[in-house]
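Worksheet: the structure to be examined is printed underneath.
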Amino acid sequence: MLKSVTPFFIVDDLGATLAFYQSKLGFDVRYKGGGDGNTDDFWAILGRDRVMLMFKAITPEVHPQPNRSRHEWARWDAYIYTDDPDSLYKEFVGKGVPMQRELANTSDGLRAFEITDNSGYLLCFGRPVDK
């Protein structure tokens with residue numbers, strides 16, 4: 001039985017990503033590693049509730065490549081289901097999270113909003129509109 005999926009995002013600065021997701025989005029560090037005692041950790045899995053995201057700093061020449069940098073019409077890097085997008089939106093606005101699209105009922109049948117993280121990845125938080 002499948003239980004979950006954890007999207008994997010390449011980042012330039014793992015420390016900045018951990019700080020953003022912890023302070024702005026309320027995630028906590030579930031796992032972190034890769035360092036050998038002489039070097040910093042280079043990957044981490046962060047979570048909030050039952051959602052987890054994995055981040056990894058590969059090498060200085062490998063940078064994040066958000067979907068919208070390739071195709072604006074396929075802009076989401078992750079869709080995160082939430083029972084209460086209105087409360088989550090209010091929380092994120094209060095923490096100064098950069099909004100890509102404000103909370104609204106969308107043309108594709110969602111009650112949702114979009115944020116951009118510190119690496120440029122676009123996350124959509126929402127749920128289907130009640131009928």
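So you can find residues: chains in the structure tokens are A, B, ... in the order shown, residues in each start at 1, and ligands are numbered from 1 in order.
Residues within 12 Å of region 27-43 of chain A, counting only C-alpha atoms and excluding same-chain residues fewer than 5 positions away, are Phe8, Phe9, Ile10, Val11, Asp12, Asp13, Leu14, Gly15, Ala16, Thr17, Leu18, Ala19, Phe20, Tyr21, Gln22, Arg48, Asp49, Arg50, Val51, Met52, Leu53, Met54, Phe55, Lys56, Ala57, Ile58, Thr59 and Pro60 of chain A.
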Skip Asp77 (chain A) itself and residues of its chain fewer than 5 positions away, then list as a VMD selection string all residues within 8 Å of it, counting only C-alpha atoms. chain A and resid 66 to 67 121 to 123
Expected answer as a PyMOL selection string: strand (DSSP E or B) residues in region 76-113 of chain A: chain A and resi 78-81+99-105+110-113
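Taking CA of Gln100 (chain A) and CA of Glu61 (chain A) as endpoints, the distance between them is 26.8 Å.
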Apply DSSP to the backbone of this structure and, from region 17-122 of chain A, keep only the residues in alpha helix (DSSP H); write these as a PyMOL selection string. chain A and resi 17-23+85-94
